[in-house]
>>> print(open('data_26.txt').read())   # compact mmCIF, C-alpha atoms
# COMPACT_ATOMS: atom_id res chain seq x y z
CA MET A 30 29.55 23.71 8.38
CA PRO A 31 30.77 24.90 4.95
CA SER A 32 28.45 27.48 3.45
CA SER A 33 27.75 25.39 0.32
CA ILE A 34 26.68 22.41 2.40
CA SER A 35 24.60 24.62 4.65
CA LEU A 36 22.85 26.13 1.64
CA LEU A 37 22.20 22.68 0.20
CA LEU A 38 20.71 21.46 3.46
CA THR A 39 18.56 24.57 3.78
CA THR A 40 17.28 24.06 0.23
CA ALA A 41 16.55 20.42 0.97
CA VAL A 42 14.60 21.19 4.12
CA SER A 43 12.65 23.93 2.33
CA SER A 44 11.78 21.52 -0.47
CA VAL A 45 10.61 18.96 2.07
CA ILE A 46 8.34 21.50 3.76
CA LEU A 47 6.89 22.53 0.40
CA LEU A 48 6.41 18.90 -0.56
CA PHE A 49 4.37 18.25 2.57
CA SER A 50 2.17 21.24 1.76
CA THR A 51 1.21 19.56 -1.50
CA VAL A 52 0.06 16.48 0.38
CA SER A 53 -2.41 18.53 2.39
CA SER A 54 -3.98 19.93 -0.76
CA ALA A 55 -3.66 16.62 -2.65
CA ALA A 56 -2.83 18.66 -5.75
CA PRO A 57 0.41 19.45 -7.57
CA VAL A 58 2.13 22.72 -6.75
CA PRO A 59 4.05 24.32 -9.63
CA ASN A 60 7.74 25.30 -9.33
CA VAL A 61 8.37 23.02 -6.35
CA HIS A 62 11.42 20.79 -6.75
CA HIS A 63 10.61 17.16 -6.08
CA PRO A 64 13.33 14.62 -5.44
CA PHE A 65 11.65 11.72 -7.28
CA ASN A 66 10.32 11.69 -10.82
CA LYS A 67 9.35 8.01 -10.73
CA ILE A 68 7.59 5.73 -8.28
CA TYR A 69 7.37 1.94 -8.45
CA ALA A 70 4.67 0.38 -6.30
CA PHE A 71 3.97 -3.15 -5.10
CA GLY A 72 1.27 -4.58 -2.83
CA ASP A 73 -2.33 -5.77 -2.85
CA SER A 74 -5.77 -4.15 -3.22
CA PHE A 75 -4.86 -1.29 -0.89
CA THR A 76 -2.38 -0.15 -3.56
CA ASP A 77 -3.68 -1.67 -6.83
CA THR A 78 -4.62 1.07 -9.33
CA GLY A 79 -6.06 -1.23 -11.99
CA ASN A 80 -4.27 -4.56 -12.32
CA SER A 81 -7.54 -6.27 -11.31
CA ARG A 82 -10.93 -6.32 -13.00
CA SER A 83 -14.41 -7.47 -11.98
CA GLY A 84 -14.52 -11.21 -11.49
CA GLU A 85 -10.97 -11.26 -10.13
CA GLY A 86 -9.56 -10.76 -6.66
CA PRO A 87 -10.74 -12.17 -3.32
CA ALA A 88 -14.04 -14.06 -3.23
CA GLY A 89 -16.97 -11.74 -2.52
CA PHE A 90 -15.19 -8.62 -3.75
CA GLY A 91 -15.33 -9.12 -7.50
CA HIS A 92 -17.36 -6.08 -8.50
CA LEU A 93 -14.81 -3.27 -8.51
CA SER A 94 -15.54 -2.44 -12.17
CA SER A 95 -19.11 -1.55 -11.22
CA PRO A 96 -20.56 1.61 -9.66
CA PRO A 97 -20.43 3.03 -7.07
CA TYR A 98 -16.68 2.31 -7.07
CA GLY A 99 -14.86 5.50 -8.08
CA MET A 100 -17.85 7.74 -7.34
CA THR A 101 -16.02 10.38 -5.27
CA TYR A 102 -13.11 11.49 -7.43
CA PHE A 103 -13.18 9.87 -10.85
CA GLY A 104 -16.95 9.69 -11.18
CA ARG A 105 -16.66 6.15 -12.55
CA PRO A 106 -15.07 2.83 -11.58
CA THR A 107 -11.32 2.71 -12.24
CA ASN A 108 -10.69 -0.78 -10.84
CA ARG A 109 -9.54 0.67 -7.54
CA TYR A 110 -11.10 -0.85 -4.44
CA THR A 111 -12.38 2.46 -3.10
CA ASP A 112 -14.66 5.38 -3.89
CA GLY A 113 -11.81 7.46 -5.33
CA ARG A 114 -8.07 7.64 -4.81
CA LEU A 115 -5.76 5.34 -2.88
CA ALA A 116 -2.83 6.32 -0.68
CA ILE A 117 -0.42 5.74 -3.58
CA ASP A 118 -2.44 8.20 -5.67
CA PHE A 119 -1.98 10.89 -3.03
CA VAL A 120 1.72 10.07 -2.86
CA ALA A 121 2.05 10.55 -6.63
CA GLN A 122 0.08 13.80 -6.56
CA SER A 123 2.16 15.14 -3.69
CA MET A 124 5.24 14.78 -5.91
CA ASN A 125 3.63 16.41 -8.93
CA LEU A 126 3.49 13.05 -10.71
CA PRO A 127 0.57 11.52 -12.61
CA PHE A 128 -1.25 8.51 -11.21
CA LEU A 129 0.81 5.35 -11.62
CA PRO A 130 -0.37 3.18 -14.51
CA PRO A 131 -1.11 -0.45 -13.63
CA TYR A 132 1.45 -2.80 -15.14
CA LEU A 133 -1.14 -4.97 -16.88
CA GLY A 134 -2.64 -1.91 -18.54
CA LEU A 135 0.66 -0.41 -19.56
CA ARG A 136 0.86 -0.25 -23.35
CA SER A 137 4.56 0.40 -23.75
CA THR A 138 5.76 0.67 -27.32
CA LYS A 139 9.41 0.29 -28.14
CA GLY A 140 11.06 3.20 -29.86
CA SER A 141 13.75 3.16 -32.49
CA ASN A 142 16.40 2.61 -29.84
CA GLY A 143 14.63 -0.52 -28.58
CA THR A 144 13.62 0.94 -25.21
CA ALA A 145 10.13 1.35 -23.79
CA ARG A 146 8.43 4.70 -23.67
CA ASP A 147 9.20 6.83 -20.65
CA THR A 148 6.77 6.88 -17.74
CA HIS A 149 6.76 8.29 -14.23
CA GLY A 150 6.67 4.83 -12.74
CA VAL A 151 4.52 1.71 -12.74
CA ASN A 152 2.19 0.05 -10.25
CA PHE A 153 2.69 -3.71 -9.91
CA ALA A 154 0.28 -4.17 -6.97
CA VAL A 155 -2.62 -6.55 -7.62
CA SER A 156 -5.73 -7.16 -5.57
CA GLY A 157 -5.92 -10.39 -3.62
CA ALA A 158 -2.18 -10.94 -3.87
CA THR A 159 -0.38 -12.88 -1.18
CA VAL A 160 3.21 -12.93 -0.02
CA ILE A 161 3.35 -16.72 0.08
CA LYS A 162 3.21 -18.50 -3.27
CA HIS A 163 -0.22 -19.52 -4.53
CA ALA A 164 0.88 -23.17 -4.64
CA PHE A 165 0.95 -23.22 -0.84
CA PHE A 166 -2.76 -22.41 -0.63
CA VAL A 167 -3.62 -24.92 -3.35
CA LYS A 168 -1.64 -27.61 -1.52
CA ASN A 169 -3.61 -26.92 1.66
CA ASN A 170 -6.97 -26.94 -0.17
CA LEU A 171 -7.62 -23.28 0.56
CA THR A 172 -9.82 -22.27 -2.35
CA LEU A 173 -10.91 -18.86 -1.05
CA ASP A 174 -8.08 -17.30 -3.02
CA MET A 175 -9.30 -16.40 -6.49
CA THR A 176 -6.09 -14.53 -7.29
CA PRO A 177 -3.06 -16.70 -8.10
CA GLN A 178 -0.72 -13.72 -7.98
CA SER A 179 1.80 -13.29 -5.18
CA ILE A 180 4.62 -10.87 -4.45
CA GLU A 181 6.78 -13.19 -6.58
CA THR A 182 4.41 -12.55 -9.51
CA GLU A 183 4.79 -8.82 -9.06
CA LEU A 184 8.57 -9.15 -8.96
CA GLY A 185 8.39 -11.15 -12.19
CA TRP A 186 6.36 -8.36 -13.81
CA PHE A 187 8.95 -5.86 -12.64
CA ASP A 188 11.77 -7.92 -14.19
CA LYS A 189 9.87 -8.04 -17.50
CA TYR A 190 9.43 -4.29 -17.33
CA LEU A 191 13.16 -3.84 -16.77
CA GLU A 192 13.84 -5.79 -19.95
CA THR A 193 12.16 -2.98 -21.92
CA LEU A 194 14.62 -0.40 -20.58
CA GLY A 195 18.12 0.51 -21.68
CA ASN A 196 21.09 0.09 -19.33
CA ASP A 197 21.31 3.82 -18.54
CA GLN A 198 17.60 3.89 -17.74
CA LYS A 199 18.00 0.98 -15.33
CA VAL A 200 20.87 2.66 -13.46
CA SER A 201 18.85 5.86 -13.14
CA LEU A 202 15.74 3.95 -12.10
CA PHE A 203 17.35 2.30 -9.08
CA LYS A 204 19.19 5.44 -7.95
CA ASP A 205 16.48 8.02 -8.47
CA SER A 206 13.11 6.29 -7.99
CA LEU A 207 11.00 5.82 -4.89
CA PHE A 208 9.97 2.22 -4.31
CA TRP A 209 6.66 2.15 -2.44
CA ILE A 210 5.96 -1.30 -0.97
CA GLY A 211 2.33 -1.17 0.00
CA GLU A 212 0.70 -3.38 2.60
CA ILE A 213 0.73 -7.03 1.57
CA GLY A 214 0.31 -10.24 3.54
CA VAL A 215 -3.06 -9.68 5.19
CA ASN A 216 -4.59 -11.96 2.55
CA ASP A 217 -2.23 -14.76 3.59
CA TYR A 218 -3.81 -14.82 7.03
CA ALA A 219 -7.35 -14.30 5.71
CA TYR A 220 -7.17 -17.21 3.27
CA THR A 221 -6.27 -19.63 6.06
CA LEU A 222 -9.05 -18.53 8.41
CA GLY A 223 -10.77 -21.61 9.84
CA SER A 224 -8.16 -24.01 8.45
CA THR A 225 -5.58 -26.11 10.28
CA VAL A 226 -2.78 -23.83 9.06
CA SER A 227 -1.61 -21.81 12.05
CA SER A 228 -0.97 -18.07 12.08
CA ASP A 229 2.56 -18.84 13.28
CA THR A 230 3.18 -20.83 10.09
CA ILE A 231 1.80 -18.02 7.94
CA ARG A 232 3.89 -15.42 9.74
CA ARG A 233 7.09 -17.44 9.39
CA LEU A 234 6.57 -18.15 5.68
CA SER A 235 5.33 -14.65 4.93
CA ILE A 236 8.14 -12.80 6.67
CA SER A 237 10.87 -14.98 5.14
CA THR A 238 9.39 -14.68 1.63
CA PHE A 239 8.84 -10.96 1.96
CA THR A 240 12.39 -10.41 3.22
CA ARG A 241 13.76 -12.24 0.17
CA PHE A 242 11.63 -9.99 -2.04
CA LEU A 243 13.02 -6.85 -0.40
CA GLU A 244 16.57 -8.17 -0.65
CA THR A 245 16.09 -8.88 -4.35
CA LEU A 246 15.14 -5.24 -4.92
CA LEU A 247 18.02 -4.00 -2.76
CA ASN A 248 20.50 -6.25 -4.57
CA LYS A 249 19.32 -4.76 -7.86
CA GLY A 250 20.34 -1.36 -6.52
CA VAL A 251 17.20 0.19 -5.02
CA GLN A 252 18.24 3.02 -2.73
CA TYR A 253 14.98 4.59 -1.54
CA MET A 254 12.25 2.34 -0.21
CA LEU A 255 9.16 2.71 1.97
CA VAL A 256 7.65 -0.48 3.40
CA GLN A 257 4.16 -0.46 4.89
CA GLY A 258 3.25 -2.71 7.78
CA HIS A 259 -0.14 -4.33 8.21
CA PRO A 260 -3.03 -2.09 9.28
CA ALA A 261 -5.13 -2.72 12.37
CA THR A 262 -7.04 -5.53 10.65
CA GLY A 263 -9.24 -6.08 13.67
CA CYS A 264 -10.87 -2.71 13.01
CA LEU A 265 -11.95 -3.62 9.47
CA THR A 266 -15.68 -4.15 8.95
CA LEU A 267 -15.18 -7.72 7.75
CA ALA A 268 -13.39 -8.69 10.97
CA MET A 269 -15.99 -6.93 13.11
CA SER A 270 -18.84 -8.78 11.39
CA LEU A 271 -17.27 -12.24 11.67
CA ALA A 272 -15.67 -12.25 15.13
CA ALA A 273 -17.40 -13.09 18.39
CA GLU A 274 -18.69 -10.06 20.26
CA ASP A 275 -16.51 -10.82 23.27
CA ASP A 276 -13.36 -10.67 21.09
CA ARG A 277 -12.81 -6.93 21.39
CA ASP A 278 -9.96 -4.66 22.48
CA SER A 279 -10.04 -1.29 24.21
CA LEU A 280 -10.87 0.45 20.91
CA GLY A 281 -13.82 -1.84 20.19
CA CYS A 282 -11.92 -3.65 17.42
CA VAL A 283 -11.36 -7.41 17.13
CA LYS A 284 -8.59 -8.14 19.63
CA SER A 285 -7.33 -11.41 18.14
CA ALA A 286 -6.99 -9.94 14.63
CA ASN A 287 -5.25 -6.79 15.84
CA ASN A 288 -2.84 -8.85 17.93
CA GLN A 289 -2.04 -10.99 14.89
CA SER A 290 -1.20 -7.90 12.81
CA TYR A 291 0.79 -6.38 15.65
CA ILE A 292 2.97 -9.49 16.05
CA HIS A 293 3.47 -9.68 12.29
CA ASN A 294 4.61 -6.05 12.22
CA LEU A 295 7.10 -6.63 15.04
CA ALA A 296 8.67 -9.46 13.04
CA LEU A 297 8.75 -7.29 9.92
CA GLN A 298 10.40 -4.38 11.73
CA SER A 299 13.07 -6.72 13.09
CA LYS A 300 13.90 -7.83 9.54
CA LEU A 301 13.98 -4.24 8.29
CA LYS A 302 16.47 -3.38 11.02
CA GLN A 303 18.73 -6.18 9.77
CA LEU A 304 18.36 -5.02 6.17
CA ARG A 305 19.39 -1.47 7.10
CA ILE A 306 22.62 -2.86 8.53
CA LYS A 307 23.24 -5.13 5.54
CA TYR A 308 22.48 -2.37 3.00
CA PRO A 309 23.82 0.83 4.62
CA ASN A 310 23.62 2.83 1.39
CA ALA A 311 19.89 2.26 1.07
CA THR A 312 17.25 4.25 2.95
CA ILE A 313 14.49 1.92 4.18
CA VAL A 314 11.48 3.58 5.83
CA TYR A 315 8.87 1.63 7.78
CA ALA A 316 5.31 3.00 7.55
CA ASP A 317 3.40 2.15 10.72
CA TYR A 318 -0.04 1.43 9.28
CA TRP A 319 -1.16 -0.30 12.50
CA ASN A 320 -0.72 2.69 14.79
CA ALA A 321 -1.76 5.22 12.16
CA TYR A 322 -5.08 3.43 11.68
CA ARG A 323 -5.60 3.14 15.43
CA ALA A 324 -4.95 6.85 15.85
CA VAL A 325 -7.95 7.59 13.63
CA ILE A 326 -10.10 5.09 15.54
CA GLN A 327 -9.12 6.77 18.81
CA ASN A 328 -9.98 10.28 17.64
CA PRO A 329 -12.10 10.09 14.48
CA GLY A 330 -13.51 13.60 14.80
CA MET A 331 -10.04 15.09 14.29
CA TYR A 332 -10.10 13.67 10.77
CA GLY A 333 -13.73 14.41 9.92
CA ILE A 334 -14.78 10.80 10.52
CA THR A 335 -18.13 10.00 12.12
CA GLU A 336 -18.39 6.26 11.34
CA LYS A 337 -15.54 4.04 12.52
CA PHE A 338 -16.72 0.53 11.74
CA LYS A 339 -19.72 0.50 9.40
CA ALA A 340 -19.01 0.16 5.66
CA CYS A 341 -20.10 3.04 3.43
CA CYS A 342 -21.06 0.72 0.58
CA GLY A 343 -22.92 -2.51 1.27
CA THR A 344 -26.10 -3.81 2.87
CA GLY A 345 -27.26 -5.37 6.12
CA GLU A 346 -27.03 -4.73 9.83
CA PRO A 347 -25.24 -3.85 12.00
CA TYR A 348 -22.24 -2.97 9.81
CA ASN A 349 -23.84 -2.45 6.37
CA PHE A 350 -21.93 -5.53 5.24
CA GLN A 351 -22.74 -9.03 4.04
CA VAL A 352 -20.08 -11.27 2.55
CA PHE A 353 -22.12 -12.30 -0.51
CA GLN A 354 -23.80 -8.93 -1.12
CA THR A 355 -20.81 -6.62 -1.15
CA CYS A 356 -20.35 -3.27 -2.83
CA GLY A 357 -21.11 -3.34 -6.53
CA THR A 358 -23.85 -5.98 -6.27
CA ALA A 359 -27.50 -5.13 -6.89
CA ALA A 360 -28.38 -5.27 -3.20
CA ALA A 361 -25.66 -2.87 -2.06
CA THR A 362 -25.96 0.89 -1.82
CA ALA A 363 -23.45 3.61 -0.98
CA CYS A 364 -23.66 6.18 1.79
CA LYS A 365 -24.18 9.83 0.86
CA ASP A 366 -20.85 11.07 2.21
CA PRO A 367 -17.97 8.55 2.09
CA SER A 368 -15.62 11.15 3.59
CA GLN A 369 -17.23 10.54 6.98
CA TYR A 370 -16.43 6.82 6.86
CA ILE A 371 -13.20 4.91 7.42
CA ASN A 372 -14.34 1.79 5.58
CA TRP A 373 -15.62 1.73 2.03
CA ASP A 374 -16.79 -1.82 1.24
CA GLY A 375 -16.10 -3.94 4.31
CA VAL A 376 -12.39 -4.52 3.72
CA HIS A 377 -11.05 -1.54 1.80
CA LEU A 378 -10.90 2.08 2.92
CA THR A 379 -12.50 5.26 1.67
CA GLU A 380 -10.59 7.87 -0.28
CA ALA A 381 -10.80 10.09 2.80
CA MET A 382 -9.12 7.47 4.97
CA TYR A 383 -6.44 6.77 2.38
CA LYS A 384 -5.65 10.49 2.30
CA VAL A 385 -5.33 10.54 6.08
CA MET A 386 -2.94 7.58 5.88
CA ALA A 387 -0.89 9.27 3.14
CA ASP A 388 -0.65 12.45 5.21
CA MET A 389 0.47 10.45 8.25
CA PHE A 390 3.15 8.62 6.28
CA LEU A 391 4.51 11.52 4.24
CA GLY A 392 4.28 14.35 6.72
CA GLY A 393 3.37 12.81 10.04
CA THR A 394 5.08 10.82 12.75
CA PHE A 395 4.08 7.31 11.69
CA THR A 396 7.22 6.37 9.77
CA ARG A 397 10.58 5.17 11.07
CA PRO A 398 12.81 6.87 10.16
CA ARG A 399 10.75 9.90 9.20
CA PHE A 400 9.90 10.10 5.52
CA SER A 401 11.39 13.59 5.56
CA ASN A 402 14.78 12.01 6.27
CA LEU A 403 14.48 9.96 3.10
CA LEU A 404 13.61 13.09 1.10
CA ILE A 405 16.52 15.05 2.53
CA LYS A 406 18.92 12.20 1.71
CA LYS A 407 17.67 12.13 -1.85
CA LEU A 408 17.86 15.90 -2.25
CA ASN A 409 21.40 15.94 -0.85
CA SER A 410 22.42 13.37 -3.47
CA LEU A 411 21.37 15.59 -6.38
>>> encode(input="data_26.txt", output="structure tokens")
Amino acid sequence: MPSSISLLLTTAVSSVILLFSTVSSAAPVPNVHHPFNKIYAFGDSFTDTGNSRSGEGPAGFGHLSSPPYGMTYFGRPTNRYTDGRLAIDFVAQSMNLPFLPPYLGLRSTKGSNGTARDTHGVNFAVSGATVIKHAFFVKNNLTLDMTPQSIETELGWFDKYLETLGNDQKVSLFKDSLFWIGEIGVNDYAYTLGSTVSSDTIRRLSISTFTRFLETLLNKGVQYMLVQGHPATGCLTLAMSLAAEDDRDSLGCVKSANNQSYIHNLALQSKLKQLRIKYPNATIVYADYWNAYRAVIQNPGMYGITEKFKACCGTGEPYNFQVFQTCGTAAATACKDPSQYINWDGVHLTEAMYKVMADMFLGGTFTRPRFSNLLIKKLNSL
């Protein structure tokens, strides 16, 4: 191996190791070279940093602008569905970047050259979003969805954002930015619960629509992309409270819901494999949310967790959760130490759990290929 290449690889690996150390502390580390100076995020409420407000989003969860949301880190509600930071926040911090501004709150002003002000990325994720177009749910009389946005909406926002950039900025954006595709599609299944629309239909429509979304980004020139799968939805408090008690798997979670997410993820991974072949110059990482979540359920003490299923914020027994008295309502109260809980409000996770997930994706073994491979590829391109 030529000495210059060897030195470059050594530098890349060292930078990767240092980058992972910042994730553990969840704080920026000065003088560490980071391969990305911008992140563009898409997804639903697991990734949304403020595109939703109270009164919006899924039915029963319209109080995110009220305390105790945000109590752990920000000390106030920030329109994040958690007590503090989300996984995407930890990702940004690990790369010495500020928190991503929500697209709908971005007040870009055009300069004299006609281009928008520079940022370190934008978050297009919006709570309650689906993969399948909203019209599908309207057509099937599924009114649970209070959010008309879909992944197509987010892509439209991204295109409008691109219009504010100059040509050189666009070229740099696609070559040098990390595209973080957060979990999305769980709502598609949830909104059809109890209807005549089958999960097979939802999976087929969702996977095909989502694949077209990814291809649109790749055709634009995106080179570095992480795509999250669905989490173990059967372990969420909402699923536990609604499912029959005999519908349980070996972990005590709802078996039918977990199987649904597992099958969806298999289909998604198959499509990602095809996309890697079709776009060999792009690095596409799959984040295994399903197994990462289950790993915490299997050994919660390793992560400082003492409560696997009960919501930290809510009311009622046995899971501190009631659909019409969710976190942020007058009847709900928050636990004293959210860091000991996986679940925050019945559906969404605590800051502590999001940090565990970020650690597992950035520095752990729950991505394919490893996220470190993506970082090394980017560093070697500099």
>>> residues_near_point(input="data_26.txt", point="(8.3, 4.7, -6.8)", cutoff="12 Å", atoms="all atoms listed in the file", output="PyMOL selection string")
chain A and resi 64-71+117-118+120-121+124+126-130+148-154+202-211+251-256
>>> residues_around(input="data_26.txt", residues="A:Pro131", least_positions_apart="4", cutoff="6 Å", atoms="all atoms listed in the file", output="VMD selection string")
chain A and resid 78 to 80 152
>>> atom_distance(input="data_26.txt", atom1="atom CA of A:Lys199", atom2="atom CA of A:Gly72")
21.6 Å
>>> closest_atom_pairs(input="data_26.txt", of="stretch 281-334 of chain A", to="stretch 370-388 of chain A", cutoff="9 Å", atoms="only C-alpha atoms", output="JSON lines")
{"residue": "A:Tyr318", "atom": "CA", "partner": "A:Met386", "partner_atom": "CA", "distance": 7.6}
{"residue": "A:Ala321", "atom": "CA", "partner": "A:Met386", "partner_atom": "CA", "distance": 6.8}
{"residue": "A:Tyr322", "atom": "CA", "partner": "A:Met386", "partner_atom": "CA", "distance": 7.4}
{"residue": "A:Val325", "atom": "CA", "partner": "A:Val385", "partner_atom": "CA", "distance": 8.5}
{"residue": "A:Ile326", "atom": "CA", "partner": "A:Ile371", "partner_atom": "CA", "distance": 8.7}
{"residue": "A:Pro329", "atom": "CA", "partner": "A:Ile371", "partner_atom": "CA", "distance": 8.8}
{"residue": "A:Tyr332", "atom": "CA", "partner": "A:Val385", "partner_atom": "CA", "distance": 7.4}
{"residue": "A:Gly333", "atom": "CA", "partner": "A:Tyr370", "partner_atom": "CA", "distance": 8.6}
{"residue": "A:Ile334", "atom": "CA", "partner": "A:Tyr370", "partner_atom": "CA", "distance": 5.7}
>>> residues_near_point(input="data_26.txt", point="(3.0, -8.8, 0.4)", cutoff="7 Å", atoms="all atoms listed in the file", output="list in words")
Gly72, Asp73, Thr159, Val160, Ile180, Glu212, Ile213, Gly214 and Phe239 of chain A
>>> atom_distance(input="data_26.txt", atom1="atom CA of A:Tyr218", atom2="atom CA of A:Thr230")
9.7 Å
>>> residues_around(input="data_26.txt", residues="A:His293", least_positions_apart="4", cutoff="8 Å", atoms="all atoms listed in the file", output="PDB file with C-alpha atoms, in the frame of the given file")
ATOM      1  CA  ARG A 232       3.890 -15.420   9.740  1.00  0.00           C
ATOM      2  CA  ILE A 236       8.140 -12.800   6.670  1.00  0.00           C
ATOM      3  CA  HIS A 259      -0.140  -4.330   8.210  1.00  0.00           C
ATOM      4  CA  GLN A 289      -2.040 -10.990  14.890  1.00  0.00           C
ATOM      5  CA  LEU A 297       8.750  -7.290   9.920  1.00  0.00           C
TER       6      LEU A 297
END
>>> atom_distance(input="data_26.txt", atom1="atom CA of A:Asn320", atom2="atom CA of A:Tyr291")
9.2 Å
>>> closest_residue(input="data_26.txt", among="A:Thr221, A:Ser410, A:Thr240, A:Thr362", to="A:Phe350", atoms="all atoms listed in the file")
A:Thr362
>>> closest_residue(input="data_26.txt", among="A:Gln303, A:Arg397, A:Gly357, A:Gln327", to="A:Pro106", atoms="all atoms listed in the file")
A:Gly357
>>> closest_residue(input="data_26.txt", among="A:Gly258, A:Phe338, A:Arg241, A:Phe400", to="A:Leu295", atoms="only C-alpha atoms")
A:Gly258
>>> closest_residue(input="data_26.txt", among="A:Ser368, A:Asn328, A:Thr312, A:Thr335", to="A:Ser401", atoms="all atoms listed in the file")
A:Thr312
>>> residues_around(input="data_26.txt", residues="A:Gly345", least_positions_apart="3", cutoff="9 Å", atoms="all atoms listed in the file", output="PyMOL selection string")
chain A and resi 348-351+354+361
>>> closest_residue(input="data_26.txt", among="A:Ser299, A:Ser224, A:Thr245, A:Asn402", to="A:Phe187", atoms="all atoms listed in the file")
A:Thr245
>>> closest_residue(input="data_26.txt", among="A:Asn409, A:Thr396, A:Thr266, A:Thr193", to="A:Gly343", atoms="only C-alpha atoms")
A:Thr266
>>> axis_aligned_box(input="data_26.txt", around="stretch 251-264 of chain A", padding_each_side="5 Å", output="lines of an AutoDock Vina configuration file")
center_x = 3.7
center_y = -0.7
center_z = 4.3
size_x = 39.1
size_y = 20.7
size_z = 28.7
>>> build_atoms(input="data_26.txt", residues="stretch 343-348 of chain A", atoms="all heavy atoms", output="short mmCIF file (atom, residue, chain, number, x, y, z; two decimals), in the frame of the given file")
data_model
loop_
_atom_site.label_atom_id
_atom_site.label_comp_id
_atom_site.auth_asym_id
_atom_site.auth_seq_id
_atom_site.Cartn_x
_atom_site.Cartn_y
_atom_site.Cartn_z
N GLY A 343 -22.58 -1.13 0.94
CA GLY A 343 -22.92 -2.51 1.27
C GLY A 343 -24.39 -2.62 1.62
O GLY A 343 -25.21 -1.79 1.22
N THR A 344 -24.73 -3.62 2.42
CA THR A 344 -26.10 -3.81 2.87
C THR A 344 -26.09 -4.68 4.12
O THR A 344 -25.15 -5.44 4.35
CB THR A 344 -26.96 -4.49 1.78
OG1 THR A 344 -28.33 -4.51 2.20
CG2 THR A 344 -26.50 -5.91 1.51
N GLY A 345 -27.13 -4.53 4.94
CA GLY A 345 -27.26 -5.37 6.12
C GLY A 345 -26.86 -4.69 7.41
O GLY A 345 -26.17 -3.67 7.42
N GLU A 346 -27.31 -5.24 8.50
CA GLU A 346 -27.03 -4.73 9.83
C GLU A 346 -26.14 -5.72 10.58
O GLU A 346 -26.16 -6.93 10.30
CB GLU A 346 -28.35 -4.50 10.60
CG GLU A 346 -29.23 -3.42 10.00
CD GLU A 346 -28.61 -2.03 10.06
OE1 GLU A 346 -27.71 -1.83 10.91
OE2 GLU A 346 -29.00 -1.18 9.27
N PRO A 347 -25.34 -5.23 11.54
CA PRO A 347 -25.24 -3.85 12.00
C PRO A 347 -24.15 -3.03 11.30
O PRO A 347 -23.98 -1.84 11.59
CB PRO A 347 -24.90 -4.02 13.48
CG PRO A 347 -24.04 -5.26 13.50
CD PRO A 347 -24.59 -6.17 12.43
N TYR A 348 -23.41 -3.65 10.37
CA TYR A 348 -22.24 -2.97 9.81
C TYR A 348 -22.39 -2.60 8.33
O TYR A 348 -21.42 -2.23 7.68
CB TYR A 348 -20.99 -3.84 9.98
CG TYR A 348 -20.63 -4.09 11.43
CD1 TYR A 348 -20.77 -5.36 11.99
CD2 TYR A 348 -20.15 -3.06 12.23
CE1 TYR A 348 -20.44 -5.60 13.31
CE2 TYR A 348 -19.82 -3.29 13.56
CZ TYR A 348 -19.97 -4.56 14.09
OH TYR A 348 -19.64 -4.79 15.42
#
